[in-house]
file work-v1.txt (compact mmCIF, C-alpha atoms and all ligand atoms)
# COMPACT_ATOMS: atom_id res chain seq x y z
CA MET A 1 179.45 -138.25 68.76
CA ASP A 2 179.36 -141.97 68.04
CA SER A 3 182.21 -144.15 69.21
CA TRP A 4 183.21 -147.27 67.27
CA ALA A 5 182.03 -150.84 67.50
CA GLY A 6 183.50 -152.86 70.34
CA HIS A 7 184.08 -156.57 70.63
CA GLU A 8 183.75 -159.03 73.44
CA VAL A 9 186.75 -159.26 75.76
CA PRO A 10 187.21 -162.81 77.11
CA ARG A 11 187.09 -163.26 80.86
CA LEU A 12 190.14 -164.89 82.36
CA PRO A 13 190.46 -167.11 85.43
CA GLY A 14 191.63 -165.28 88.56
CA GLN A 15 192.44 -161.58 88.62
CA GLY A 16 195.31 -159.26 87.76
CA GLY A 17 196.95 -156.91 90.27
CA PRO A 18 197.28 -153.12 90.48
CA LEU A 19 198.84 -151.38 87.50
CA MET A 20 202.07 -149.53 88.26
CA LEU A 21 202.47 -146.69 85.78
CA PHE A 22 205.05 -144.02 85.12
CA ASP A 23 203.69 -140.53 85.79
CA SER A 24 205.31 -137.55 84.09
CA ALA A 25 204.44 -135.23 87.00
CA ARG A 26 206.02 -137.48 89.66
CA ARG A 27 208.78 -138.48 87.27
CA GLY A 28 208.37 -141.95 88.67
CA MET A 29 206.14 -144.97 89.04
CA ALA A 30 203.06 -145.22 91.21
CA ALA A 31 199.98 -147.44 91.40
CA SER A 32 197.33 -146.11 89.00
CA ALA A 33 193.64 -145.68 89.83
CA PRO A 34 194.06 -146.64 93.50
CA THR A 35 190.33 -146.62 94.33
CA GLY A 36 186.89 -146.91 92.73
CA THR A 37 186.18 -146.73 89.02
CA GLY A 38 189.26 -146.07 86.90
CA THR A 39 188.80 -142.79 85.03
CA MET A 40 190.85 -142.00 81.95
CA TYR A 41 190.88 -139.12 79.48
CA VAL A 42 192.93 -139.52 76.31
CA CYS A 43 193.69 -136.78 73.82
CA GLY A 44 192.34 -137.96 70.48
CA ILE A 45 192.86 -136.92 66.91
CA THR A 46 192.56 -133.65 65.06
CA PRO A 47 190.80 -135.15 62.04
CA TYR A 48 192.47 -133.47 59.09
CA ASP A 49 194.26 -136.57 57.84
CA ALA A 50 194.07 -140.33 58.22
CA THR A 51 195.18 -142.29 61.30
CA HIS A 52 198.90 -142.98 61.15
CA LEU A 53 200.92 -145.51 63.12
CA GLY A 54 201.82 -142.93 65.75
CA HIS A 55 198.17 -142.36 66.58
CA ALA A 56 197.64 -146.12 66.57
CA ALA A 57 200.53 -146.73 69.00
CA THR A 58 199.21 -144.12 71.41
CA MET A 59 195.67 -145.52 71.27
CA ILE A 60 197.00 -149.06 71.85
CA THR A 61 198.86 -147.84 74.94
CA PHE A 62 195.70 -146.55 76.58
CA ASP A 63 193.76 -149.59 75.40
CA LEU A 64 196.23 -151.71 77.36
CA ILE A 65 195.64 -149.61 80.49
CA GLN A 66 191.90 -150.19 80.17
CA ARG A 67 192.45 -153.96 79.66
CA VAL A 68 194.75 -154.28 82.67
CA TRP A 69 192.39 -152.30 84.91
CA ARG A 70 189.43 -154.45 83.84
CA ASP A 71 191.42 -157.64 84.38
CA ALA A 72 192.10 -156.40 87.92
CA GLY A 73 188.32 -156.30 88.43
CA ARG A 74 187.96 -152.53 88.06
CA ASP A 75 185.21 -150.64 86.30
CA VAL A 76 186.56 -148.11 83.84
CA THR A 77 185.19 -144.88 82.43
CA TYR A 78 187.18 -143.85 79.41
CA VAL A 79 186.71 -140.57 77.53
CA GLN A 80 188.42 -139.52 74.33
CA ASN A 81 188.00 -136.31 72.37
CA VAL A 82 188.12 -135.32 68.72
CA THR A 83 189.47 -131.84 68.06
CA ASP A 84 186.97 -131.26 65.28
CA ILE A 85 187.56 -127.52 65.13
CA ASP A 86 191.04 -126.01 65.24
CA ASP A 87 193.48 -124.12 63.02
CA PRO A 88 195.12 -127.18 61.36
CA LEU A 89 191.74 -128.50 60.26
CA LEU A 90 190.72 -125.16 58.75
CA GLU A 91 194.11 -124.78 57.05
CA ARG A 92 193.94 -128.23 55.43
CA ALA A 93 190.34 -127.69 54.32
CA ALA A 94 191.27 -124.33 52.76
CA ARG A 95 194.32 -125.86 51.03
CA ASP A 96 192.19 -128.60 49.47
CA GLY A 97 189.15 -126.43 48.76
CA GLU A 98 187.02 -128.65 50.97
CA ASP A 99 184.37 -127.95 53.60
CA TRP A 100 186.12 -128.39 56.98
CA LYS A 101 183.09 -130.25 58.36
CA VAL A 102 183.18 -132.80 55.55
CA LEU A 103 186.93 -133.29 56.05
CA ALA A 104 186.51 -133.80 59.80
CA MET A 105 183.63 -136.24 59.40
CA ARG A 106 185.44 -138.31 56.80
CA GLU A 107 188.70 -138.62 58.75
CA THR A 108 186.89 -139.32 62.02
CA ALA A 109 184.92 -142.11 60.31
CA LEU A 110 188.17 -143.60 59.01
CA PHE A 111 189.74 -143.36 62.48
CA ARG A 112 186.80 -145.32 63.95
CA GLU A 113 187.29 -148.06 61.35
CA ASP A 114 191.01 -148.21 62.09
CA MET A 115 190.41 -148.40 65.84
CA ALA A 116 187.88 -151.23 65.45
CA ALA A 117 190.28 -153.14 63.18
CA LEU A 118 193.05 -152.79 65.78
CA ARG A 119 190.64 -154.09 68.44
CA ILE A 120 190.85 -150.96 70.56
CA ILE A 121 188.09 -151.08 73.19
CA PRO A 122 185.96 -148.02 72.40
CA PRO A 123 185.75 -145.15 74.90
CA GLU A 124 182.48 -144.89 76.76
CA HIS A 125 182.27 -141.26 75.63
CA TYR A 126 183.75 -140.12 72.33
CA VAL A 127 183.32 -136.37 72.31
CA GLY A 128 183.84 -133.65 69.72
CA ALA A 129 185.06 -130.14 70.49
CA VAL A 130 182.19 -128.65 68.48
CA GLU A 131 179.47 -130.39 70.47
CA SER A 132 181.18 -129.19 73.68
CA ILE A 133 181.31 -125.49 72.75
CA PRO A 134 178.48 -124.29 75.04
CA ASP A 135 180.15 -125.96 78.06
CA ILE A 136 183.55 -124.63 77.09
CA ALA A 137 182.26 -121.08 76.68
CA GLU A 138 180.65 -121.23 80.11
CA ARG A 139 183.89 -122.42 81.74
CA VAL A 140 185.95 -119.76 79.96
CA LEU A 141 183.57 -117.16 81.32
CA THR A 142 184.03 -118.59 84.81
CA LEU A 143 187.81 -118.27 84.46
CA VAL A 144 187.43 -114.65 83.33
CA LYS A 145 185.13 -113.85 86.25
CA GLU A 146 187.60 -115.42 88.66
CA GLY A 147 190.41 -113.28 87.26
CA ALA A 148 192.28 -116.20 85.68
CA GLY A 149 191.24 -115.28 82.14
CA TYR A 150 191.39 -111.92 80.37
CA ARG A 151 190.22 -110.43 77.11
CA LEU A 152 192.71 -108.70 74.84
CA GLU A 153 191.91 -105.06 74.29
CA ASP A 154 192.46 -105.10 70.54
CA GLY A 155 188.86 -105.65 69.48
CA THR A 156 189.38 -109.30 68.42
CA GLY A 157 187.42 -110.78 71.32
CA ASP A 158 190.29 -113.20 72.03
CA VAL A 159 190.50 -114.42 75.62
CA TYR A 160 193.69 -115.74 77.24
CA PHE A 161 194.49 -117.65 80.40
CA ASP A 162 196.73 -115.89 82.91
CA ILE A 163 199.33 -118.47 83.91
CA ALA A 164 200.24 -116.27 86.89
CA ALA A 165 196.91 -117.43 88.36
CA ALA A 166 198.19 -121.03 88.38
CA PRO A 167 200.83 -121.30 91.12
CA ARG A 168 201.63 -124.92 90.27
CA PHE A 169 202.25 -124.19 86.57
CA GLY A 170 205.14 -126.38 85.43
CA TYR A 171 204.59 -129.27 87.85
CA GLU A 172 203.51 -131.64 85.10
CA SER A 173 206.20 -131.00 82.48
CA HIS A 174 209.05 -129.87 84.80
CA LEU A 175 210.36 -127.59 82.08
CA SER A 176 212.29 -124.42 82.78
CA ARG A 177 210.74 -121.18 81.60
CA GLU A 178 213.38 -121.06 78.86
CA GLN A 179 212.43 -124.50 77.61
CA MET A 180 208.75 -123.60 77.74
CA LEU A 181 209.37 -120.48 75.66
CA GLU A 182 211.18 -122.58 73.07
CA ILE A 183 208.54 -125.31 72.78
CA PHE A 184 205.41 -123.17 73.08
CA PRO A 185 205.43 -121.71 69.51
CA GLU A 186 206.24 -125.14 68.04
CA ARG A 187 203.06 -126.58 69.52
CA GLY A 188 200.40 -124.03 68.64
CA GLY A 189 201.36 -121.27 71.11
CA ASP A 190 201.74 -117.58 70.21
CA PRO A 191 204.34 -116.04 72.53
CA ASP A 192 204.65 -112.89 70.43
CA ARG A 193 201.00 -111.94 70.41
CA ALA A 194 200.79 -108.29 71.50
CA GLY A 195 198.76 -107.50 74.57
CA LYS A 196 199.26 -110.74 76.47
CA ARG A 197 200.28 -110.52 80.12
CA ASP A 198 202.81 -113.34 79.74
CA PRO A 199 204.15 -114.72 76.44
CA LEU A 200 203.22 -118.21 77.68
CA ASP A 201 199.56 -117.40 78.33
CA PRO A 202 197.49 -119.81 76.22
CA LEU A 203 194.37 -118.99 74.21
CA LEU A 204 191.03 -119.83 75.84
CA TRP A 205 188.60 -118.40 73.30
CA ARG A 206 189.23 -117.04 69.81
CA GLY A 207 186.84 -114.25 68.91
CA ALA A 208 184.93 -114.66 65.65
CA ARG A 209 186.76 -113.75 62.41
CA ALA A 210 184.89 -112.99 59.21
CA ASP A 211 186.40 -115.91 57.31
CA GLU A 212 186.26 -118.54 60.07
CA PRO A 213 183.46 -120.57 61.61
CA SER A 214 182.24 -119.31 64.98
CA TRP A 215 179.64 -120.16 67.59
CA PRO A 216 177.72 -118.07 70.11
CA GLY A 217 179.70 -117.62 73.32
CA GLY A 218 177.15 -115.79 75.46
CA GLU A 219 178.84 -112.96 77.34
CA LEU A 220 182.15 -113.93 75.71
CA GLY A 221 180.86 -113.00 72.29
CA PRO A 222 180.94 -115.30 69.26
CA GLY A 223 184.06 -117.34 68.62
CA ARG A 224 185.57 -120.79 69.00
CA PRO A 225 187.44 -122.59 71.78
CA GLY A 226 191.15 -122.78 72.44
CA TRP A 227 192.77 -126.20 72.47
CA HIS A 228 193.74 -126.84 76.11
CA ILE A 229 190.44 -125.71 77.57
CA GLU A 230 188.66 -128.11 75.21
CA CYS A 231 190.25 -131.15 76.85
CA ALA A 232 189.97 -129.78 80.39
CA VAL A 233 186.24 -129.15 80.02
CA ILE A 234 185.36 -132.43 78.30
CA ALA A 235 187.21 -134.34 81.01
CA LEU A 236 185.62 -132.37 83.87
CA ASP A 237 182.13 -132.72 82.39
CA LEU A 238 182.30 -136.48 82.04
CA LEU A 239 184.79 -137.72 84.62
CA GLY A 240 184.52 -135.40 87.63
CA THR A 241 187.00 -133.02 89.20
CA GLN A 242 189.97 -135.37 89.43
CA ILE A 243 190.81 -138.20 87.09
CA ASP A 244 193.12 -141.17 87.33
CA VAL A 245 194.88 -140.87 83.97
CA GLN A 246 195.36 -137.98 81.56
CA GLY A 247 196.94 -139.46 78.45
CA GLY A 248 198.33 -138.80 75.02
CA GLY A 249 201.59 -138.80 73.12
CA ASN A 250 204.67 -137.18 74.68
CA ASP A 251 204.27 -134.28 72.26
CA LEU A 252 201.43 -133.17 74.54
CA ILE A 253 203.43 -132.90 77.78
CA PHE A 254 203.85 -129.17 77.16
CA PRO A 255 201.98 -126.95 76.65
CA HIS A 256 198.85 -129.05 76.21
CA HIS A 257 198.66 -131.13 79.38
CA GLU A 258 200.32 -128.49 81.55
CA CYS A 259 197.71 -125.94 80.46
CA SER A 260 194.73 -128.34 80.60
CA ALA A 261 195.71 -129.24 84.15
CA ALA A 262 196.10 -125.57 85.11
CA HIS A 263 192.64 -124.74 83.66
CA ALA A 264 190.96 -127.70 85.35
CA GLU A 265 192.61 -127.05 88.71
CA LEU A 266 191.48 -123.42 88.69
CA LEU A 267 187.96 -124.40 87.78
CA THR A 268 187.61 -127.05 90.48
CA GLY A 269 189.94 -125.81 93.20
CA GLN A 270 191.36 -129.32 93.38
CA ALA A 271 194.84 -130.52 92.47
CA PRO A 272 196.27 -132.48 90.87
CA PHE A 273 193.83 -132.74 87.99
CA ALA A 274 195.18 -136.19 87.12
CA GLY A 275 196.69 -138.86 89.36
CA HIS A 276 198.90 -139.87 86.43
CA TYR A 277 200.00 -137.99 83.33
CA VAL A 278 200.84 -140.81 80.96
CA HIS A 279 202.73 -140.19 77.75
CA ALA A 280 203.36 -142.52 74.87
CA GLY A 281 206.57 -142.21 72.86
CA MET A 282 206.61 -140.88 69.32
CA ILE A 283 206.57 -143.32 66.43
CA GLY A 284 208.88 -142.20 63.69
CA LEU A 285 209.91 -143.28 60.26
CA ASP A 286 213.56 -143.21 59.28
CA GLY A 287 214.53 -141.44 62.48
CA GLU A 288 211.99 -138.60 62.22
CA LYS A 289 208.78 -138.14 64.22
CA MET A 290 205.81 -139.28 62.16
CA SER A 291 203.65 -136.20 61.77
CA LYS A 292 201.23 -134.64 59.39
CA SER A 293 203.37 -131.57 58.98
CA ARG A 294 206.45 -133.62 57.98
CA GLY A 295 204.42 -135.76 55.61
CA ASN A 296 206.27 -138.98 56.54
CA LEU A 297 203.19 -140.93 57.46
CA VAL A 298 202.29 -144.58 57.30
CA PHE A 299 198.51 -144.85 57.51
CA VAL A 300 196.70 -147.70 59.22
CA SER A 301 194.06 -147.61 56.45
CA ARG A 302 196.81 -147.98 53.81
CA LEU A 303 198.15 -151.09 55.51
CA ARG A 304 194.62 -152.49 55.83
CA ALA A 305 193.99 -151.84 52.13
CA ASP A 306 197.21 -153.75 51.41
CA GLN A 307 195.75 -156.72 53.32
CA VAL A 308 198.16 -156.40 56.23
CA ASP A 309 196.67 -158.15 59.27
CA PRO A 310 195.80 -155.44 61.84
CA MET A 311 196.88 -157.87 64.57
CA ALA A 312 200.40 -157.84 63.09
CA VAL A 313 200.33 -154.02 63.12
CA ARG A 314 199.28 -154.11 66.76
CA LEU A 315 202.02 -156.59 67.63
CA ALA A 316 204.67 -154.58 65.79
CA LEU A 317 203.73 -151.44 67.73
CA MET A 318 203.77 -153.33 71.05
CA SER A 319 207.19 -154.86 70.41
CA GLY A 320 208.77 -151.68 71.79
CA HIS A 321 207.97 -150.17 75.19
CA TYR A 322 205.20 -147.57 75.01
CA ARG A 323 207.30 -144.81 76.55
CA SER A 324 210.19 -145.06 74.14
CA ASP A 325 210.32 -143.02 70.97
CA ARG A 326 210.76 -145.63 68.26
CA SER A 327 210.76 -146.18 64.54
CA TRP A 328 208.43 -148.06 62.25
CA SER A 329 210.01 -150.16 59.53
CA ASP A 330 209.13 -152.95 57.13
CA GLU A 331 211.33 -155.30 59.17
CA LEU A 332 209.40 -154.50 62.33
CA LEU A 333 206.20 -155.50 60.56
CA ALA A 334 207.76 -158.63 59.03
CA THR A 335 208.98 -159.75 62.48
CA ALA A 336 205.50 -159.21 63.90
CA GLN A 337 203.91 -161.21 61.08
CA GLU A 338 206.26 -164.13 61.73
CA ARG A 339 205.59 -163.96 65.44
CA LEU A 340 201.83 -163.93 64.89
CA GLY A 341 202.16 -166.96 62.62
CA ARG A 342 204.13 -168.89 65.27
CA TRP A 343 201.62 -168.01 67.99
CA ARG A 344 198.75 -169.11 65.74
CA ARG A 345 200.41 -172.42 64.92
CA ALA A 346 201.07 -173.07 68.61
CA ALA A 347 197.51 -172.11 69.61
CA ALA A 348 196.09 -174.54 67.03
CA LEU A 349 197.85 -177.55 68.64
CA PRO A 350 195.72 -180.06 70.59
CA GLY A 351 197.73 -179.39 73.75
CA GLY A 352 200.75 -177.61 75.16
CA PRO A 353 202.58 -176.71 78.36
CA SER A 354 200.25 -175.43 81.07
CA ALA A 355 199.32 -171.79 80.33
CA GLU A 356 198.53 -170.87 83.93
CA ALA A 357 202.07 -169.80 84.74
CA PHE A 358 202.12 -167.93 81.42
CA LEU A 359 198.98 -166.00 82.41
CA ALA A 360 200.39 -165.10 85.84
CA THR A 361 203.68 -163.82 84.43
CA LEU A 362 201.91 -162.02 81.56
CA ARG A 363 199.79 -160.18 84.12
CA ALA A 364 202.91 -159.29 86.09
CA ARG A 365 204.74 -157.92 83.03
CA LEU A 366 201.81 -155.72 82.00
CA ALA A 367 201.23 -154.50 85.56
CA ASP A 368 204.84 -153.25 85.50
CA ASP A 369 204.31 -150.07 83.46
CA LEU A 370 202.89 -152.06 80.51
CA ASP A 371 206.04 -154.01 79.75
CA THR A 372 204.89 -155.28 76.34
CA PRO A 373 208.37 -156.38 75.16
CA GLY A 374 208.50 -158.63 78.25
CA ALA A 375 204.93 -159.81 77.62
CA LEU A 376 205.67 -160.70 74.00
CA ALA A 377 208.80 -162.61 75.02
CA LEU A 378 206.71 -164.70 77.45
CA ALA A 379 204.24 -165.57 74.71
CA ASP A 380 207.15 -166.47 72.43
CA SER A 381 208.49 -168.88 75.07
CA TRP A 382 205.12 -170.58 75.56
CA ALA A 383 204.63 -170.91 71.79
CA GLU A 384 208.16 -172.26 71.23
CA ALA A 385 207.67 -174.87 73.94
CA ALA A 386 204.27 -175.88 72.55
CA LEU A 387 205.67 -176.16 69.03
CA VAL A 388 208.46 -178.52 70.11
CA GLY A 389 205.88 -180.71 71.83
CA ALA A 390 206.64 -179.84 75.46
CA GLY A 391 203.52 -180.41 77.57
CA ASP A 392 200.18 -181.94 76.69
CA ASP A 393 197.67 -179.92 78.68
CA PRO A 394 194.61 -179.89 76.39
CA ALA A 395 193.27 -176.67 78.00
CA ALA A 396 196.50 -174.73 77.45
CA PRO A 397 196.11 -173.51 73.83
CA ALA A 398 192.68 -172.07 74.59
CA LEU A 399 193.90 -170.25 77.72
CA PHE A 400 196.92 -168.91 75.81
CA THR A 401 194.57 -167.61 73.11
CA ARG A 402 192.14 -166.02 75.56
CA ALA A 403 194.92 -164.36 77.57
CA LEU A 404 196.41 -162.74 74.45
CA ASP A 405 192.97 -161.56 73.36
CA ALA A 406 191.93 -160.13 76.74
CA LEU A 407 195.21 -158.59 77.88
CA LEU A 408 197.08 -157.69 74.69
CA GLY A 409 194.11 -157.20 72.34
CA VAL A 410 195.67 -159.71 69.93
CA ARG A 411 193.17 -162.13 68.44
CA LEU A 412 194.80 -165.20 67.02
N1 LIG B 1 193.71 -133.38 69.03
C1 LIG B 1 194.99 -133.24 69.66
C2 LIG B 1 194.96 -133.74 71.08
S1 LIG B 1 193.71 -132.98 72.04
C3 LIG B 1 196.10 -133.96 68.90
O1 LIG B 1 197.22 -133.93 69.34
N2 LIG B 1 195.73 -134.57 67.77
S2 LIG B 1 196.74 -135.41 66.84
O2 LIG B 1 195.93 -135.92 65.76
O3 LIG B 1 197.85 -134.62 66.49
O4 LIG B 1 197.26 -136.59 67.69
C4 LIG B 1 196.34 -137.56 68.24
C5 LIG B 1 197.03 -138.37 69.35
O5 LIG B 1 198.13 -139.10 68.80
C6 LIG B 1 197.61 -137.50 70.46
O6 LIG B 1 197.50 -138.19 71.70
C7 LIG B 1 199.07 -137.34 70.06
O7 LIG B 1 199.91 -137.10 71.17
C8 LIG B 1 199.34 -138.69 69.43
N3 LIG B 1 200.40 -138.65 68.39
C9 LIG B 1 200.53 -137.77 67.39
N4 LIG B 1 201.62 -138.06 66.62
C10 LIG B 1 202.18 -139.17 67.17
C11 LIG B 1 203.34 -139.99 66.87
N5 LIG B 1 204.11 -139.72 65.83
N6 LIG B 1 203.60 -141.06 67.67
C12 LIG B 1 202.81 -141.35 68.73
N7 LIG B 1 201.71 -140.63 69.06
C13 LIG B 1 201.39 -139.56 68.31
ZN ZN B 2 193.86 -132.93 74.29
call {"tool": "encode", "arguments": {"input": "work-v1.txt", "output": "structure tokens"}}
result
Amino acid sequence: MDSWAGHEVPRLPGQGGPLMLFDSARRGMAASAPTGTGTMYVCGITPYDATHLGHAATMITFDLIQRVWRDAGRDVTYVQNVTDIDDPLLERAARDGEDWKVLAMRETALFREDMAALRIIPPEHYVGAVESIPDIAERVLTLVKEGAGYRLEDGTGDVYFDIAAAPRFGYESHLSREQMLEIFPERGGDPDRAGKRDPLDPLLWRGARADEPSWPGGELGPGRPGWHIECAVIALDLLGTQIDVQGGGNDLIFPHHECSAAHAELLTGQAPFAGHYVHAGMIGLDGEKMSKSRGNLVFVSRLRADQVDPMAVRLALMSGHYRSDRSWSDELLATAQERLGRWRRAAALPGGPSAEAFLATLRARLADDLDTPGALALADSWAEAALVGAGDDPAAPALFTRALDALLGVRL
């Protein structure tokens, strides 16, 4: 499907260094994308509601990775999916008496607008689950033929993945079996489904039901794809057998990314599926995770309609570290608006302190696991100095402006 409109990213003098990133599987830092083109797959929206600030924060995180890689002179292939068929979408459409396709198209269109407003560099491939169904069905069949997938014998046509076929299962999330059993049903899993070999086995293919949309599945029979196999197949189709970064919010650590990795590794015979499993913290409101099911959402489109500058939204979300769970508040936004105003006033001066050292230290902060709080503090210092009249380098305000645009996605 169509991605969103991009914008030009300014080129900066010199080059950034390798990006050190925290990897959930290693439980530690390591250099990301060590060789060749940087490949990144990010788990995108299920379009049954508008983009909220949690989605925005996660998308900004991976946008920063792409910016830092490019600044280090790397080519990047970035793929993001849209889960445009799944239970939550059908449930919301049924609740509102709306066609699920119309709902998905409308919310995906709004997401694209929000992403463009936040200056998120678009993925090279923006891919829907529905358009990937033939590929997914073929891969599910392969798993069945290899003995890693099995059909339930209850006439539903449902096919499950046998986690016993994945010896490394658990390496990404590091959860105990007990913890897995607790989380699995909270995140779309069905441990109590009769006939499964293991309660933790995830769905690969849901056989057609009379009241649900379905697609031809060849030898599988008609149906629709499971969630984890969707992301595994889209990533494998477009990025090759092993990728540099598999990303999303930390709500996807288990079961989603554990299962996607297990599917992909069985299909390719190569492990690990991703060099880094990168997880953004949850954005909450009043101490609770922001989620559609809780209904405590602040929508990007709402803020835009209220004339809030998307650059202030972006700054507010980057004022905390990407890995920390954190809360949105009016004060957070007000602080970001003030900060943006100060940076703009400083950038409009005829001169300022040299911005070369600023650029070097900004690059270093971002290369250190995307330390945006550190990066923002550096920009504050440069702006403060410029505003009190320290330095008269006439090239400095322009370099400051370009560096913020290219590396932080903040246009002054
Ligand atoms: N379609 C699936 C991924 S394949 C999905 O999780 N969709 S979603 O709409 O629920 O979330 C879209 C992305 O935003 C995912 O990467 C998810 O981890 C992330 N996300 C969801 N809620 C939050 C939140 N409150 N804070 C930060 N990120 C979030
Ligand atoms: Zn996903």
call {"tool": "closest_atom_pairs", "arguments": {"input": "work-v1.txt", "of": "chain A", "to": "ligand ZN 2 (chain B)", "cutoff": "12 Å", "atoms": "only C-alpha atoms and all ligand atoms", "output": "tab-separated table"}}
result
residue	atom	partner	partner_atom	distance
A:Tyr41	CA	B:ZN2	ZN	8.6
A:Val42	CA	B:ZN2	ZN	7.0
A:Cys43	CA	B:ZN2	ZN	3.9
A:Gly44	CA	B:ZN2	ZN	6.5
A:Ile45	CA	B:ZN2	ZN	8.4
A:Thr46	CA	B:ZN2	ZN	9.3
A:Val79	CA	B:ZN2	ZN	11.0
A:Gln80	CA	B:ZN2	ZN	8.5
A:Asn81	CA	B:ZN2	ZN	7.0
A:Val82	CA	B:ZN2	ZN	8.3
A:Thr83	CA	B:ZN2	ZN	7.7
A:Asp84	CA	B:ZN2	ZN	11.5
A:Asp86	CA	B:ZN2	ZN	11.7
A:Val127	CA	B:ZN2	ZN	11.3
A:Gly128	CA	B:ZN2	ZN	11.0
A:Ala129	CA	B:ZN2	ZN	10.0
A:Gly226	CA	B:ZN2	ZN	10.7
A:Trp227	CA	B:ZN2	ZN	7.1
A:His228	CA	B:ZN2	ZN	6.4
A:Ile229	CA	B:ZN2	ZN	8.6
A:Glu230	CA	B:ZN2	ZN	7.1
A:Cys231	CA	B:ZN2	ZN	4.8
A:Ala232	CA	B:ZN2	ZN	7.9
A:Val233	CA	B:ZN2	ZN	10.3
A:Ile234	CA	B:ZN2	ZN	9.4
A:Ala235	CA	B:ZN2	ZN	9.6
A:Gln246	CA	B:ZN2	ZN	9.0
A:Gly247	CA	B:ZN2	ZN	8.3
A:Gly248	CA	B:ZN2	ZN	7.4
A:Gly249	CA	B:ZN2	ZN	9.8
A:Asn250	CA	B:ZN2	ZN	11.6
A:Asp251	CA	B:ZN2	ZN	10.7
A:Leu252	CA	B:ZN2	ZN	7.6
A:Ile253	CA	B:ZN2	ZN	10.2
A:Phe254	CA	B:ZN2	ZN	11.1
A:Pro255	CA	B:ZN2	ZN	10.4
A:His256	CA	B:ZN2	ZN	6.6
A:His257	CA	B:ZN2	ZN	7.2
A:Glu258	CA	B:ZN2	ZN	10.7
A:Cys259	CA	B:ZN2	ZN	10.1
A:Ser260	CA	B:ZN2	ZN	7.9
A:Ala261	CA	B:ZN2	ZN	10.7
A:His279	CA	B:ZN2	ZN	12.0
call {"tool": "atom_distance", "arguments": {"input": "work-v1.txt", "atom1": "CA of Ala262 (chain A)", "atom2": "CA of Ile121 (chain A)"}}
result
29.3 Å
call {"tool": "residues_around", "arguments": {"input": "work-v1.txt", "residues": "region 212-223 of chain A", "least_positions_apart": "6", "cutoff": "12 Å", "atoms": "all atoms listed in the file", "output": "number ranges by chain"}}
result
A: 84-87, 89-91, 93-94, 99-101, 129-145, 149-152, 155-160, 203-206
call {"tool": "residues_near_point", "arguments": {"input": "work-v1.txt", "point": "(199.0, -109.4, 72.9)", "cutoff": "10 Å", "atoms": "only C-alpha atoms", "output": "list in words"}}
result
Arg151, Leu152, Glu153, Asp154, Asp158, Tyr160, Asp190, Pro191, Asp192, Arg193, Ala194, Gly195, Lys196, Arg197, Asp198, Pro199 and Asp201 of chain A
call {"tool": "atom_distance", "arguments": {"input": "work-v1.txt", "atom1": "CA of Tyr126 (chain A)", "atom2": "CA of His52 (chain A)"}}
result
19.0 Å
call {"tool": "atom_distance", "arguments": {"input": "work-v1.txt", "atom1": "atom N7 of ligand LIG 1 (chain B)", "atom2": "CA of Pro310 (chain A)"}}
result
17.5 Å
call {"tool": "residues_around", "arguments": {"input": "work-v1.txt", "residues": "region 57-63 of chain A", "least_positions_apart": "5", "cutoff": "6 Å", "atoms": "only C-alpha atoms", "output": "PyMOL selection string"}}
result
chain A and resi 120+280+317
call {"tool": "closest_residue", "arguments": {"input": "work-v1.txt", "among": "A:Ile243, A:Ala56, A:Ala364, A:Met115", "to": "Gly38 (chain A)", "atoms": "all atoms listed in the file"}}
result
A:Ile243
